[in-house]
$ cat protein.txt   # compact mmCIF, C-alpha atoms
# COMPACT_ATOMS: atom_id res chain seq x y z
CA MET A 197 12.65 -3.45 87.85
CA THR A 198 16.24 -4.63 88.29
CA ARG A 199 17.80 -3.33 91.49
CA PRO A 200 20.80 -1.09 90.65
CA CYS A 201 23.84 -2.54 92.36
CA LEU A 202 27.55 -3.18 92.01
CA THR A 203 28.88 -6.60 91.06
CA ARG A 204 30.28 -8.16 94.26
CA VAL A 205 33.45 -10.23 94.33
CA VAL A 206 35.96 -11.51 96.86
CA TRP A 207 39.36 -10.71 95.41
CA ALA A 208 41.22 -13.68 96.88
CA ARG A 209 38.76 -16.13 95.29
CA LEU A 210 39.26 -14.83 91.77
CA SER A 211 41.67 -16.18 89.19
CA ALA A 212 44.14 -13.79 87.55
CA GLY A 213 41.85 -13.56 84.53
CA GLN A 214 38.78 -12.87 86.66
CA GLN A 215 40.63 -10.14 88.56
CA ALA A 216 41.57 -8.47 85.29
CA ALA A 217 37.95 -8.67 84.13
CA VAL A 218 36.67 -7.00 87.31
CA LEU A 219 39.01 -4.04 86.74
CA GLN A 220 38.25 -3.82 83.02
CA ARG A 221 37.11 -0.37 81.94
CA PRO A 222 33.90 0.02 79.92
CA ALA A 223 34.61 -0.64 76.27
CA THR A 224 34.77 2.39 74.01
CA HIS A 225 33.08 2.56 70.64
CA ASP A 226 34.56 1.32 67.38
CA SER A 227 37.76 3.37 67.39
CA LYS A 228 38.43 2.82 63.67
CA ALA A 229 35.01 4.09 62.61
CA ILE A 230 35.27 7.07 64.95
CA ALA A 231 38.78 7.91 63.72
CA GLU A 232 37.52 7.93 60.12
CA SER A 233 34.55 10.14 60.97
CA VAL A 234 36.71 12.53 62.98
CA ALA A 235 39.24 12.75 60.15
CA SER A 236 36.43 13.82 57.82
CA LEU A 237 35.19 16.48 60.24
CA ILE A 238 38.70 17.83 60.74
CA GLU A 239 39.28 18.06 57.00
CA GLN A 240 36.01 19.94 56.48
CA VAL A 241 36.94 22.52 59.10
CA ARG A 242 40.50 22.76 57.85
CA MET A 243 39.44 23.41 54.28
CA GLU A 244 36.34 25.60 54.81
CA GLY A 245 36.73 27.14 58.27
CA ASP A 246 33.70 28.91 59.75
CA PRO A 247 31.15 27.76 57.11
CA ALA A 248 31.96 24.14 57.96
CA ILE A 249 31.60 24.84 61.66
CA ARG A 250 28.14 26.39 61.16
CA ARG A 251 27.07 23.48 58.98
CA LEU A 252 28.27 20.93 61.54
CA ALA A 253 26.51 22.84 64.34
CA ARG A 254 23.23 22.43 62.45
CA GLU A 255 23.96 18.73 61.89
CA PHE A 256 25.14 17.74 65.36
CA ASP A 257 23.90 20.44 67.74
CA HIS A 258 20.67 21.17 65.81
CA VAL A 259 21.21 24.89 66.10
CA ASP A 260 22.03 27.81 63.81
CA VAL A 261 24.93 29.80 65.23
CA GLU A 262 25.09 33.24 63.67
CA HIS A 263 28.04 34.53 65.71
CA LEU A 264 30.61 31.87 66.56
CA ARG A 265 32.37 34.23 68.95
CA VAL A 266 30.51 35.05 72.16
CA THR A 267 29.55 38.69 71.77
CA PRO A 268 30.01 41.42 74.44
CA ASP A 269 26.22 41.50 74.90
CA GLU A 270 26.19 37.74 75.53
CA VAL A 271 29.02 38.12 78.05
CA GLU A 272 27.12 40.81 79.94
CA SER A 273 23.86 38.88 79.97
CA ALA A 274 25.64 35.68 81.02
CA ARG A 275 27.05 37.28 84.15
CA GLU A 276 23.77 39.01 84.96
CA SER A 277 21.77 35.79 84.51
CA LEU A 278 23.61 34.12 87.39
CA ASP A 279 22.30 34.64 90.89
CA PRO A 280 24.66 36.13 93.51
CA ALA A 281 25.32 32.74 95.11
CA ALA A 282 26.48 31.28 91.77
CA ARG A 283 28.73 34.26 91.08
CA ALA A 284 30.20 34.00 94.57
CA ALA A 285 30.82 30.26 94.15
CA ILE A 286 32.69 30.90 90.89
CA ASP A 287 34.80 33.56 92.58
CA VAL A 288 35.70 31.30 95.52
CA ALA A 289 36.63 28.45 93.21
CA ILE A 290 38.84 30.72 91.10
CA ALA A 291 40.56 32.07 94.22
CA ASN A 292 41.37 28.60 95.60
CA VAL A 293 42.47 27.15 92.27
CA SER A 294 44.62 30.23 91.63
CA ARG A 295 46.26 30.00 95.05
CA PHE A 296 47.25 26.34 94.60
CA HIS A 297 48.40 26.73 91.00
CA ALA A 298 50.38 29.92 91.62
CA ALA A 299 52.48 27.92 94.08
CA GLN A 300 53.39 25.51 91.27
CA VAL A 301 55.41 28.07 89.31
CA ALA A 302 58.94 26.71 89.24
CA ALA A 303 61.93 28.93 89.88
CA PRO A 304 64.74 28.91 87.28
CA LEU A 305 67.28 26.14 87.88
CA ARG A 306 71.04 26.84 87.76
CA VAL A 307 73.73 24.22 88.43
CA GLU A 308 77.49 24.41 87.97
CA THR A 309 78.08 20.79 86.98
CA ALA A 310 81.85 21.27 86.88
CA PRO A 311 84.17 24.26 87.32
CA GLY A 312 83.38 26.72 84.54
CA VAL A 313 80.39 24.68 83.28
CA VAL A 314 76.97 26.16 84.06
CA CYS A 315 73.68 24.48 83.10
CA GLU A 316 70.30 26.14 83.53
CA ARG A 317 66.63 25.44 82.94
CA VAL A 318 64.02 28.16 82.43
CA SER A 319 60.31 28.04 81.64
CA ARG A 320 58.49 29.85 78.87
CA PRO A 321 54.70 30.00 78.40
CA ILE A 322 53.15 28.23 75.45
CA ARG A 323 52.14 31.15 73.25
CA ALA A 324 48.60 30.09 72.32
CA VAL A 325 46.43 27.49 74.03
CA GLY A 326 42.97 26.14 73.28
CA LEU A 327 40.67 25.27 76.19
CA TYR A 328 37.78 22.90 75.47
CA VAL A 329 34.89 23.04 77.93
CA PRO A 330 32.32 20.28 77.34
CA ALA A 331 28.58 20.81 77.71
CA GLY A 332 27.09 17.41 76.84
CA THR A 333 24.45 16.40 79.36
CA ALA A 334 25.63 19.11 81.79
CA PRO A 335 27.56 22.38 81.39
CA LEU A 336 30.91 22.48 83.18
CA PRO A 337 31.90 25.98 84.33
CA SER A 338 34.29 24.28 86.76
CA THR A 339 36.28 22.98 83.78
CA ALA A 340 36.58 26.52 82.42
CA ILE A 341 38.17 27.48 85.75
CA MET A 342 40.48 24.44 85.85
CA LEU A 343 41.82 25.23 82.37
CA ALA A 344 41.83 29.01 82.31
CA VAL A 345 43.45 29.63 85.70
CA PRO A 346 46.72 27.74 85.05
CA ALA A 347 46.84 29.11 81.50
CA GLN A 348 46.66 32.64 82.89
CA ILE A 349 49.23 31.96 85.61
CA ALA A 350 51.59 30.38 83.07
CA GLY A 351 51.41 33.56 80.99
CA CYS A 352 49.94 32.14 77.77
CA ALA A 353 49.34 35.17 75.54
CA VAL A 354 46.46 33.66 73.55
CA ARG A 355 43.80 31.72 75.45
CA VAL A 356 40.85 30.43 73.43
CA VAL A 357 37.80 28.71 74.92
CA CYS A 358 35.47 26.56 72.82
CA THR A 359 32.24 25.20 74.29
CA PRO A 360 29.17 23.70 72.54
CA PRO A 361 26.19 25.98 71.84
CA ARG A 362 22.85 25.41 73.51
CA ARG A 363 19.65 25.01 71.52
CA ASP A 364 19.08 28.78 71.74
CA GLY A 365 22.41 29.40 69.98
CA CYS A 366 24.14 30.76 73.10
CA ALA A 367 26.94 29.32 75.17
CA ASP A 368 26.12 28.27 78.72
CA PRO A 369 26.08 31.46 80.84
CA ALA A 370 27.99 29.91 83.75
CA VAL A 371 30.77 28.72 81.44
CA VAL A 372 31.03 32.17 79.85
CA ALA A 373 31.03 33.93 83.22
CA ALA A 374 33.69 31.60 84.64
CA ALA A 375 35.94 31.95 81.60
CA MET A 376 35.67 35.74 81.59
CA ALA A 377 36.40 35.87 85.32
CA CYS A 378 39.63 34.01 84.55
CA GLY A 379 40.68 36.56 81.97
CA VAL A 380 39.61 34.73 78.80
CA THR A 381 38.12 36.99 76.15
CA ASP A 382 38.14 34.66 73.12
CA ILE A 383 35.14 32.38 73.73
CA PHE A 384 33.52 30.48 70.87
CA LYS A 385 30.28 28.52 70.61
CA ILE A 386 31.75 25.43 68.98
CA GLY A 387 31.60 21.86 70.24
CA GLY A 388 32.89 18.40 69.44
CA ALA A 389 35.62 17.40 67.04
CA GLN A 390 34.99 20.53 64.98
CA ALA A 391 36.01 22.70 67.93
CA ILE A 392 39.30 20.82 68.24
CA ALA A 393 39.94 21.21 64.51
CA ALA A 394 39.12 24.93 64.63
CA MET A 395 41.63 25.55 67.43
CA ALA A 396 44.30 23.30 65.94
CA PHE A 397 44.31 24.83 62.45
CA GLY A 398 42.54 28.16 62.92
CA THR A 399 39.57 29.53 60.98
CA GLN A 400 38.35 32.91 59.85
CA SER A 401 37.19 33.54 63.44
CA VAL A 402 39.14 31.17 65.68
CA PRO A 403 42.84 31.79 66.32
CA LYS A 404 45.20 28.87 65.78
CA VAL A 405 46.69 27.48 68.99
CA ASP A 406 49.78 25.44 69.80
CA LYS A 407 48.28 23.08 72.40
CA ILE A 408 44.75 21.99 73.28
CA PHE A 409 43.49 21.18 76.77
CA GLY A 410 40.31 19.85 78.29
CA PRO A 411 38.16 16.75 78.70
CA GLY A 412 35.55 15.56 76.25
CA ASN A 413 33.76 12.56 74.80
CA ILE A 414 35.34 9.96 72.56
CA TRP A 415 34.95 12.20 69.49
CA VAL A 416 36.80 15.05 71.16
CA THR A 417 39.52 12.71 72.39
CA ALA A 418 39.96 11.20 68.94
CA ALA A 419 40.16 14.68 67.40
CA LYS A 420 42.82 15.80 69.90
CA GLN A 421 44.92 12.76 69.08
CA ALA A 422 44.47 13.27 65.34
CA VAL A 423 45.48 16.94 65.24
CA SER A 424 48.50 16.23 67.45
CA GLN A 425 49.87 13.91 64.76
CA ASP A 426 49.72 16.62 62.09
CA PRO A 427 52.80 18.89 61.98
CA ALA A 428 50.50 21.81 61.23
CA GLY A 429 48.11 20.91 64.06
CA ALA A 430 48.41 21.26 67.84
CA ALA A 431 49.68 19.21 70.76
CA PHE A 432 47.24 18.01 73.43
CA ASP A 433 47.28 17.60 77.18
CA MET A 434 46.72 13.90 77.87
CA PRO A 435 44.82 10.85 76.62
CA ALA A 436 41.46 10.42 78.32
CA GLY A 437 38.50 8.12 78.72
CA PRO A 438 35.30 8.06 80.80
CA SER A 439 35.47 9.42 84.35
CA GLU A 440 36.04 7.01 87.25
CA VAL A 441 36.47 6.71 91.01
CA MET A 442 37.73 4.03 93.37
CA VAL A 443 36.86 4.17 97.07
CA ILE A 444 38.89 2.19 99.60
CA ALA A 445 36.77 1.83 102.73
CA ALA A 446 37.58 0.07 105.98
CA GLU A 447 35.39 -0.90 108.93
CA GLY A 448 33.86 2.21 110.44
CA ALA A 449 33.49 4.06 107.14
CA ASN A 450 30.25 6.00 106.86
CA PRO A 451 28.11 4.06 104.32
CA CYS A 452 26.20 7.20 103.28
CA PHE A 453 29.45 9.04 102.52
CA VAL A 454 30.79 6.06 100.58
CA ALA A 455 27.56 5.63 98.59
CA LEU A 456 27.38 9.30 97.64
CA ASP A 457 31.02 9.39 96.57
CA LEU A 458 30.25 6.51 94.22
CA LEU A 459 26.96 7.96 92.98
CA SER A 460 28.41 11.42 92.39
CA GLN A 461 30.97 9.97 90.03
CA ALA A 462 28.46 7.68 88.34
CA GLU A 463 26.27 10.65 87.45
CA HIS A 464 28.94 12.04 85.11
CA GLY A 465 27.87 9.65 82.38
CA PRO A 466 26.60 6.15 81.58
CA ASP A 467 30.14 5.02 80.73
CA SER A 468 31.64 6.26 84.02
CA GLN A 469 33.00 3.57 86.32
CA VAL A 470 32.84 3.33 90.11
CA ILE A 471 34.62 0.70 92.20
CA LEU A 472 34.40 0.09 95.93
CA VAL A 473 37.17 -1.86 97.65
CA THR A 474 36.54 -2.75 101.27
CA THR A 475 38.08 -4.89 103.97
CA HIS A 476 34.74 -5.03 105.80
CA GLU A 477 32.23 -7.10 103.83
CA PRO A 478 29.12 -6.00 105.82
CA LEU A 479 29.75 -2.48 104.45
CA LEU A 480 28.57 -3.68 101.02
CA ASP A 481 25.02 -4.24 102.27
CA GLU A 482 25.05 -0.90 104.07
CA VAL A 483 26.16 0.92 100.92
CA GLN A 484 23.51 -0.89 98.87
CA GLN A 485 20.86 0.25 101.31
CA GLN A 486 22.06 3.80 100.78
CA PHE A 487 21.84 3.33 97.01
CA ASP A 488 18.24 2.19 97.37
CA ALA A 489 17.37 5.21 99.51
CA LEU A 490 19.29 7.85 97.56
CA LEU A 491 18.76 6.95 93.91
CA PRO A 492 15.05 7.87 93.72
CA GLN A 493 15.96 11.40 94.82
CA LEU A 494 18.62 12.01 92.15
CA SER A 495 17.78 13.80 88.91
CA ARG A 496 20.29 11.77 86.88
CA ARG A 497 19.09 8.42 88.15
CA GLY A 498 18.95 6.82 84.71
CA ILE A 499 22.53 7.75 83.93
CA ILE A 500 23.70 6.52 87.34
CA GLU A 501 21.95 3.18 86.99
CA ARG A 502 23.61 2.54 83.63
CA SER A 503 26.97 3.54 85.06
CA LEU A 504 26.61 1.13 88.00
CA THR A 505 26.47 -1.80 85.57
CA HIS A 506 30.18 -1.18 84.87
CA GLY A 507 31.06 -0.99 88.56
CA ALA A 508 32.25 -3.46 91.15
CA ALA A 509 32.35 -3.98 94.90
CA ILE A 510 35.52 -5.84 95.87
CA VAL A 511 36.21 -7.47 99.22
CA ALA A 512 39.92 -7.34 100.04
CA GLU A 513 41.66 -9.40 102.72
CA ASP A 514 43.36 -6.36 104.25
CA LEU A 515 44.36 -2.79 103.43
CA PRO A 516 47.71 -3.72 101.82
CA GLN A 517 45.79 -5.86 99.34
CA ALA A 518 43.28 -3.05 98.81
CA PHE A 519 46.08 -0.66 97.87
CA ASP A 520 47.60 -3.26 95.57
CA ILE A 521 44.25 -3.40 93.76
CA ALA A 522 44.15 0.39 93.55
CA ASN A 523 47.64 0.60 92.06
CA ARG A 524 46.73 -2.07 89.54
CA TYR A 525 43.62 -0.14 88.50
CA ALA A 526 45.31 3.32 88.55
CA PRO A 527 42.10 5.30 89.16
CA GLU A 528 41.45 8.86 88.10
CA HIS A 529 40.10 9.57 91.61
CA LEU A 530 41.03 7.54 94.70
CA ILE A 531 39.11 8.15 97.93
CA LEU A 532 40.52 6.77 101.19
CA GLN A 533 37.84 6.15 103.81
CA VAL A 534 40.25 4.41 106.20
CA PRO A 535 41.62 5.22 109.66
CA GLU A 536 44.62 7.55 109.55
CA PRO A 537 44.63 7.81 105.75
CA ARG A 538 47.94 9.67 105.62
CA ARG A 539 49.67 6.54 106.91
CA TRP A 540 48.85 4.91 103.58
CA ILE A 541 49.93 7.64 101.16
CA ASP A 542 53.26 5.93 100.39
CA ARG A 543 51.32 2.86 99.27
CA VAL A 544 49.55 4.90 96.57
CA GLN A 545 51.72 4.73 93.46
CA GLN A 546 49.26 5.23 90.60
CA ALA A 547 46.29 7.58 90.85
CA GLY A 548 45.23 10.89 89.36
CA SER A 549 44.09 12.61 92.56
CA VAL A 550 43.70 11.26 96.11
CA PHE A 551 41.07 12.29 98.67
CA LEU A 552 41.90 11.63 102.30
CA GLY A 553 39.39 10.83 105.02
CA PRO A 554 35.64 11.16 105.63
CA TRP A 555 35.49 14.94 105.20
CA THR A 556 37.06 15.02 101.73
CA PRO A 557 34.48 14.11 99.09
CA GLU A 558 35.62 13.99 95.48
CA SER A 559 33.21 16.85 94.81
CA VAL A 560 35.54 19.39 96.44
CA GLY A 561 38.31 18.46 94.02
CA ASP A 562 35.90 18.80 91.12
CA TYR A 563 35.03 22.34 92.12
CA CYS A 564 36.98 24.36 94.58
CA SER A 565 39.56 22.79 96.89
CA GLY A 566 42.28 24.14 94.61
CA THR A 567 43.60 21.03 92.87
CA ASN A 568 42.92 20.52 89.18
CA HIS A 569 40.11 18.20 88.13
CA VAL A 570 41.50 17.54 84.65
CA LEU A 571 43.05 14.16 85.38
CA PRO A 572 44.26 11.06 83.54
CA THR A 573 41.55 8.43 83.15
CA TYR A 574 41.18 4.95 81.65
CA GLY A 575 44.38 3.70 83.32
CA HIS A 576 46.54 6.55 82.02
CA ALA A 577 47.35 7.53 85.62
CA ARG A 578 50.10 4.91 85.31
CA ALA A 579 52.09 7.36 83.19
CA TYR A 580 50.34 10.76 83.22
CA SER A 581 49.67 13.37 85.90
CA GLY A 582 46.82 15.77 86.48
CA LEU A 583 46.91 19.16 84.82
CA SER A 584 49.25 21.78 86.29
CA VAL A 585 50.81 25.13 85.42
CA GLY A 586 53.80 23.28 83.97
CA ASP A 587 51.60 21.80 81.25
CA PHE A 588 51.01 25.32 79.91
CA GLN A 589 54.73 25.99 79.73
CA ARG A 590 57.72 24.49 78.02
CA ARG A 591 61.08 24.04 79.68
CA MET A 592 64.23 25.22 77.94
CA THR A 593 67.80 24.43 78.97
CA LEU A 594 70.81 26.72 78.69
CA GLN A 595 74.51 26.06 79.07
CA GLU A 596 77.51 28.32 79.27
CA LEU A 597 81.17 27.33 79.53
CA THR A 598 84.19 29.39 80.31
CA ARG A 599 87.39 28.73 78.41
CA GLU A 600 88.68 26.70 81.35
CA GLY A 601 85.41 24.81 81.55
CA LEU A 602 85.66 23.80 77.90
CA LEU A 603 89.29 22.71 78.29
CA SER A 604 88.33 20.48 81.22
CA LEU A 605 85.54 18.74 79.26
CA ALA A 606 87.31 18.59 75.90
CA PRO A 607 88.91 15.14 76.37
CA THR A 608 85.53 13.68 77.39
CA VAL A 609 83.68 15.17 74.40
CA MET A 610 86.33 14.12 71.89
CA ALA A 611 86.48 10.58 73.28
CA LEU A 612 82.71 10.14 73.11
CA ALA A 613 82.54 11.68 69.63
CA HIS A 614 85.17 9.20 68.47
CA LEU A 615 83.18 6.29 69.93
CA GLU A 616 80.11 7.41 68.00
CA GLY A 617 81.96 8.18 64.78
CA LEU A 618 80.83 11.81 64.77
CA ASP A 619 84.00 13.56 63.67
CA ALA A 620 82.55 17.05 63.39
CA HIS A 621 81.42 16.91 67.02
CA GLY A 622 84.96 16.25 68.11
CA GLU A 623 86.45 18.85 65.78
CA ALA A 624 84.06 21.54 67.11
CA VAL A 625 85.78 21.12 70.46
CA ARG A 626 89.32 20.43 69.25
CA SER A 627 89.36 23.61 67.15
CA ARG A 628 88.56 25.67 70.23
CA VAL A 629 91.22 23.88 72.27
CA MET A 630 93.80 24.61 69.62
CA ALA A 631 92.70 28.26 69.47
CA VAL A 632 93.43 28.85 73.16
CA ARG A 633 96.68 26.90 73.41
CA PRO A 634 99.90 28.67 72.40

$ encode --input "protein.txt" --output "structure tokens"
Amino acid sequence: MTRPCLTRVVWARLSAGQQAAVLQRPATHDSKAIAESVASLIEQVRMEGDPAIRRLAREFDHVDVEHLRVTPDEVESARESLDPAARAAIDVAIANVSRFHAAQVAAPLRVETAPGVVCERVSRPIRAVGLYVPAGTAPLPSTAIMLAVPAQIAGCAVRVVCTPPRRDGCADPAVVAAAMACGVTDIFKIGGAQAIAAMAFGTQSVPKVDKIFGPGNIWVTAAKQAVSQDPAGAAFDMPAGPSEVMVIAAEGANPCFVALDLLSQAEHGPDSQVILVTTHEPLLDEVQQQFDALLPQLSRRGIIERSLTHGAAIVAEDLPQAFDIANRYAPEHLILQVPEPRRWIDRVQQAGSVFLGPWTPESVGDYCSGTNHVLPTYGHARAYSGLSVGDFQRRMTLQELTREGLLSLAPTVMALAHLEGLDAHGEAVRSRVMAVRP
């Protein structure tokens, strides 16, 4: 049997092309074929509504779903099916995530830019939001929390959760319990691209939403992009790809901690990517020894081993070079197993979420530290940020001028309007000037 391991390279010995290849993300599937298939699914749901969703559930999920909406009886049994420790864990996670996200609510902004000229910015909640919680190879109640908490804090009036049905026709109990604990009452047993279409356009059962949030596979991502391009559809949170982590480790890093941080990300899926960057080459052998010892104990060993084939172990000359590599890669998760990690924060320019020091595994961010685990992946951390309360709101500006304020700005407006050849713009101001002058 082939020994699962990361591809080892010394960064300084690689050409520019080889460096780019090492940081290459796993290739996605044929995007054109997927886009065409997704377009067909969306059209079926858009034209037929619930009947199409039930038909697609039989085709893709191999289940007959009588009630698309989670019923009150299902809600009650979901909560009761969880043991006290699971319920307590959900409650703790909600409390921490709520505390951090409540602090993100921005106060109204008011600036007098010139005498008699006041500009303001206020926030308004997006009226209706759709929250997609994947199930796939593992249910994700933590994602229900990460989406529903900021939506509730933002004040979104309509909050819809869609999650794939299990083989028994029910939604995962932990997902249902977590969503309900966050105040969501509209929960539907719908997965994949059809769930995105249902939320974007509405069906006989599913309310139409204005923006869709949540991670998902390539089909879900393609559907989110497709419906966002339709004026009658819905906006979406951010582009996404497979999950990923980069660990920067220096001499003295605990090899067991490093190995488990890599393995815990690899177990998300076979297309996840894990990268270790170290300034201490002997650490690579120590981490490999941990892989050998730990992998046989892990239930998702097969998935992890496939994921490791996309990974790399990079030897950097020093920490500045290691952070240069990290910024070039722009990881979803960046873990700093280095002395005095806060000294290096200013060197981190492009990452979704950063985990500082030996006692901060990525797992706490996934579940309950308080930060949001819906993060930009596949290099999108170069331009996108992790989910926050602000994503569930829209900002609106206001301006108010006194008569004196308008008179002071009138020459500027009329001059700029003349430069742009927009006569009516200038006249809108000049007419008011003439009205106040004797």

$ residues_around --input "protein.txt" --residues "Ser565 in chain A" --least-positions-apart "3" --cutoff "12 Å" --atoms "all atoms listed in the file" --output "PyMOL selection string"
chain A and resi 285+288-297+338+342+549+551+556-562+568-569

$ residues_around --input "protein.txt" --residues "Trp555 in chain A" --least-positions-apart "3" --cutoff "12 Å" --atoms "all atoms listed in the file" --output "ChimeraX atom specification"
/A:449-450,453-454,457,531-534,537,551-552,558-560

$ residues_around --input "protein.txt" --residues "Val405 in chain A" --least-positions-apart "6" --cutoff "6 Å" --atoms "all atoms listed in the file" --output "list in words"
Ala324, Val325, Gly326, Met395 and Ala396 of chain A

$ closest_residue --input "protein.txt" --among "A:Ile541, A:Val511, A:Val234, A:Ile500" --to "Leu210 in chain A" --atoms "all atoms listed in the file"
A:Val511

$ atom_distance --input "protein.txt" --atom1 "CA of Met442 in chain A" --atom2 "CA of Ala340 in chain A"
25.0 Å

$ atom_distance --input "protein.txt" --atom1 "CA of Glu600 in chain A" --atom2 "CA of Gly312 in chain A"
6.2 Å

$ atom_distance --input "protein.txt" --atom1 "CA of Cys358 in chain A" --atom2 "CA of Ser319 in chain A"
26.4 Å

$ residues_around --input "protein.txt" --residues "Val632 in chain A" --least-positions-apart "6" --cutoff "12 Å" --atoms "all atoms listed in the file" --output "ChimeraX atom specification"
/A:598-600,602-603,625-626

$ residues_near_point --input "protein.txt" --point "(42.8, 25.0, 58.0)" --cutoff "7 Å" --atoms "all atoms listed in the file" --output "ChimeraX atom specification"
/A:241-243,245,397-399

$ residues_near_point --input "protein.txt" --point "(25.2, 32.6, 61.9)" --cutoff "10 Å" --atoms "only C-alpha atoms" --output "mmCIF file with C-alpha atoms, in the coordinates of the input"
data_model
loop_
_atom_site.group_PDB
_atom_site.id
_atom_site.type_symbol
_atom_site.label_atom_id
_atom_site.label_comp_id
_atom_site.auth_asym_id
_atom_site.auth_seq_id
_atom_site.Cartn_x
_atom_site.Cartn_y
_atom_site.Cartn_z
ATOM 1 C CA ASP A 246 33.700 28.910 59.750
ATOM 2 C CA PRO A 247 31.150 27.760 57.110
ATOM 3 C CA ARG A 250 28.140 26.390 61.160
ATOM 4 C CA ARG A 251 27.070 23.480 58.980
ATOM 5 C CA VAL A 259 21.210 24.890 66.100
ATOM 6 C CA ASP A 260 22.030 27.810 63.810
ATOM 7 C CA VAL A 261 24.930 29.800 65.230
ATOM 8 C CA GLU A 262 25.090 33.240 63.670
ATOM 9 C CA HIS A 263 28.040 34.530 65.710
ATOM 10 C CA LEU A 264 30.610 31.870 66.560
ATOM 11 C CA GLY A 365 22.410 29.400 69.980
#

$ closest_residue --input "protein.txt" --among "A:Leu504, A:Val483, A:Ile322, A:Ala217" --to "Asp467 in chain A" --atoms "only C-alpha atoms"
A:Leu504

$ residues_around --input "protein.txt" --residues "Arg221 in chain A" --least-positions-apart "5" --cutoff "8 Å" --atoms "only C-alpha atoms" --output "list in words"
Gln469, His506 and Tyr574 of chain A

$ closest_residue --input "protein.txt" --among "A:Glu463, A:Ala436, A:Leu494, A:Glu316" --to "Ala577 in chain A" --atoms "only C-alpha atoms"
A:Ala436

$ closest_residue --input "protein.txt" --among "A:Thr267, A:Gln595, A:Thr417, A:Thr474" --to "Phe432 in chain A" --atoms "all atoms listed in the file"
A:Thr417

$ closest_residue --input "protein.txt" --among "A:Ala462, A:Ala419, A:Ile499, A:Ala509" --to "His476 in chain A" --atoms "all atoms listed in the file"
A:Ala509

$ closest_atom_pairs --input "protein.txt" --of "range 391-491 of chain A" --to "range 514-517 of chain A" --cutoff "12 Å" --atoms "only C-alpha atoms" --output "Markdown table"
| residue | atom | partner | partner_atom | distance |
| --- | --- | --- | --- | --- |
| A:Ile444 | CA | A:Leu515 | CA | 8.3 |
| A:Ala445 | CA | A:Leu515 | CA | 8.9 |
| A:Ala446 | CA | A:Leu515 | CA | 7.8 |
| A:Glu447 | CA | A:Leu515 | CA | 10.7 |
| A:Val473 | CA | A:Leu515 | CA | 9.3 |
| A:Thr474 | CA | A:Leu515 | CA | 8.1 |
| A:Thr475 | CA | A:Asp514 | CA | 5.5 |
| A:His476 | CA | A:Asp514 | CA | 8.9 |
| A:Glu477 | CA | A:Asp514 | CA | 11.2 |

$ build_atoms --input "protein.txt" --residues "range 335-346 of chain A" --atoms "N, CA and C atoms" --output "CSV table (one decimal), in the coordinates of the input"
chain,number,residue,atom,x,y,z
A,335,PRO,N,26.5,21.4,81.6
A,335,PRO,CA,27.6,22.4,81.4
A,335,PRO,C,28.6,22.3,82.5
A,336,LEU,N,29.8,22.6,82.2
A,336,LEU,CA,30.9,22.5,83.2
A,336,LEU,C,31.7,23.8,83.4
A,337,PRO,N,31.1,24.8,84.1
A,337,PRO,CA,31.9,26.0,84.3
A,337,PRO,C,33.1,25.7,85.2
A,338,SER,N,33.1,24.6,86.0
A,338,SER,CA,34.3,24.3,86.8
A,338,SER,C,35.5,23.9,85.9
A,339,THR,N,35.2,23.3,84.7
A,339,THR,CA,36.3,23.0,83.8
A,339,THR,C,36.9,24.2,83.2
A,340,ALA,N,36.1,25.2,82.9
A,340,ALA,CA,36.6,26.5,82.4
A,340,ALA,C,37.6,27.1,83.4
A,341,ILE,N,37.3,27.0,84.7
A,341,ILE,CA,38.2,27.5,85.8
A,341,ILE,C,39.4,26.7,85.8
A,342,MET,N,39.3,25.3,85.7
A,342,MET,CA,40.5,24.4,85.8
A,342,MET,C,41.5,24.6,84.7
A,343,LEU,N,41.0,25.0,83.5
A,343,LEU,CA,41.8,25.2,82.4
A,343,LEU,C,42.3,26.7,82.3
A,344,ALA,N,41.5,27.6,82.5
A,344,ALA,CA,41.8,29.0,82.3
A,344,ALA,C,42.8,29.6,83.4
A,345,VAL,N,42.6,29.1,84.6
A,345,VAL,CA,43.4,29.6,85.7
A,345,VAL,C,44.9,29.3,85.5
A,346,PRO,N,45.3,28.0,85.3
A,346,PRO,CA,46.7,27.7,85.0
A,346,PRO,C,47.3,28.4,83.8
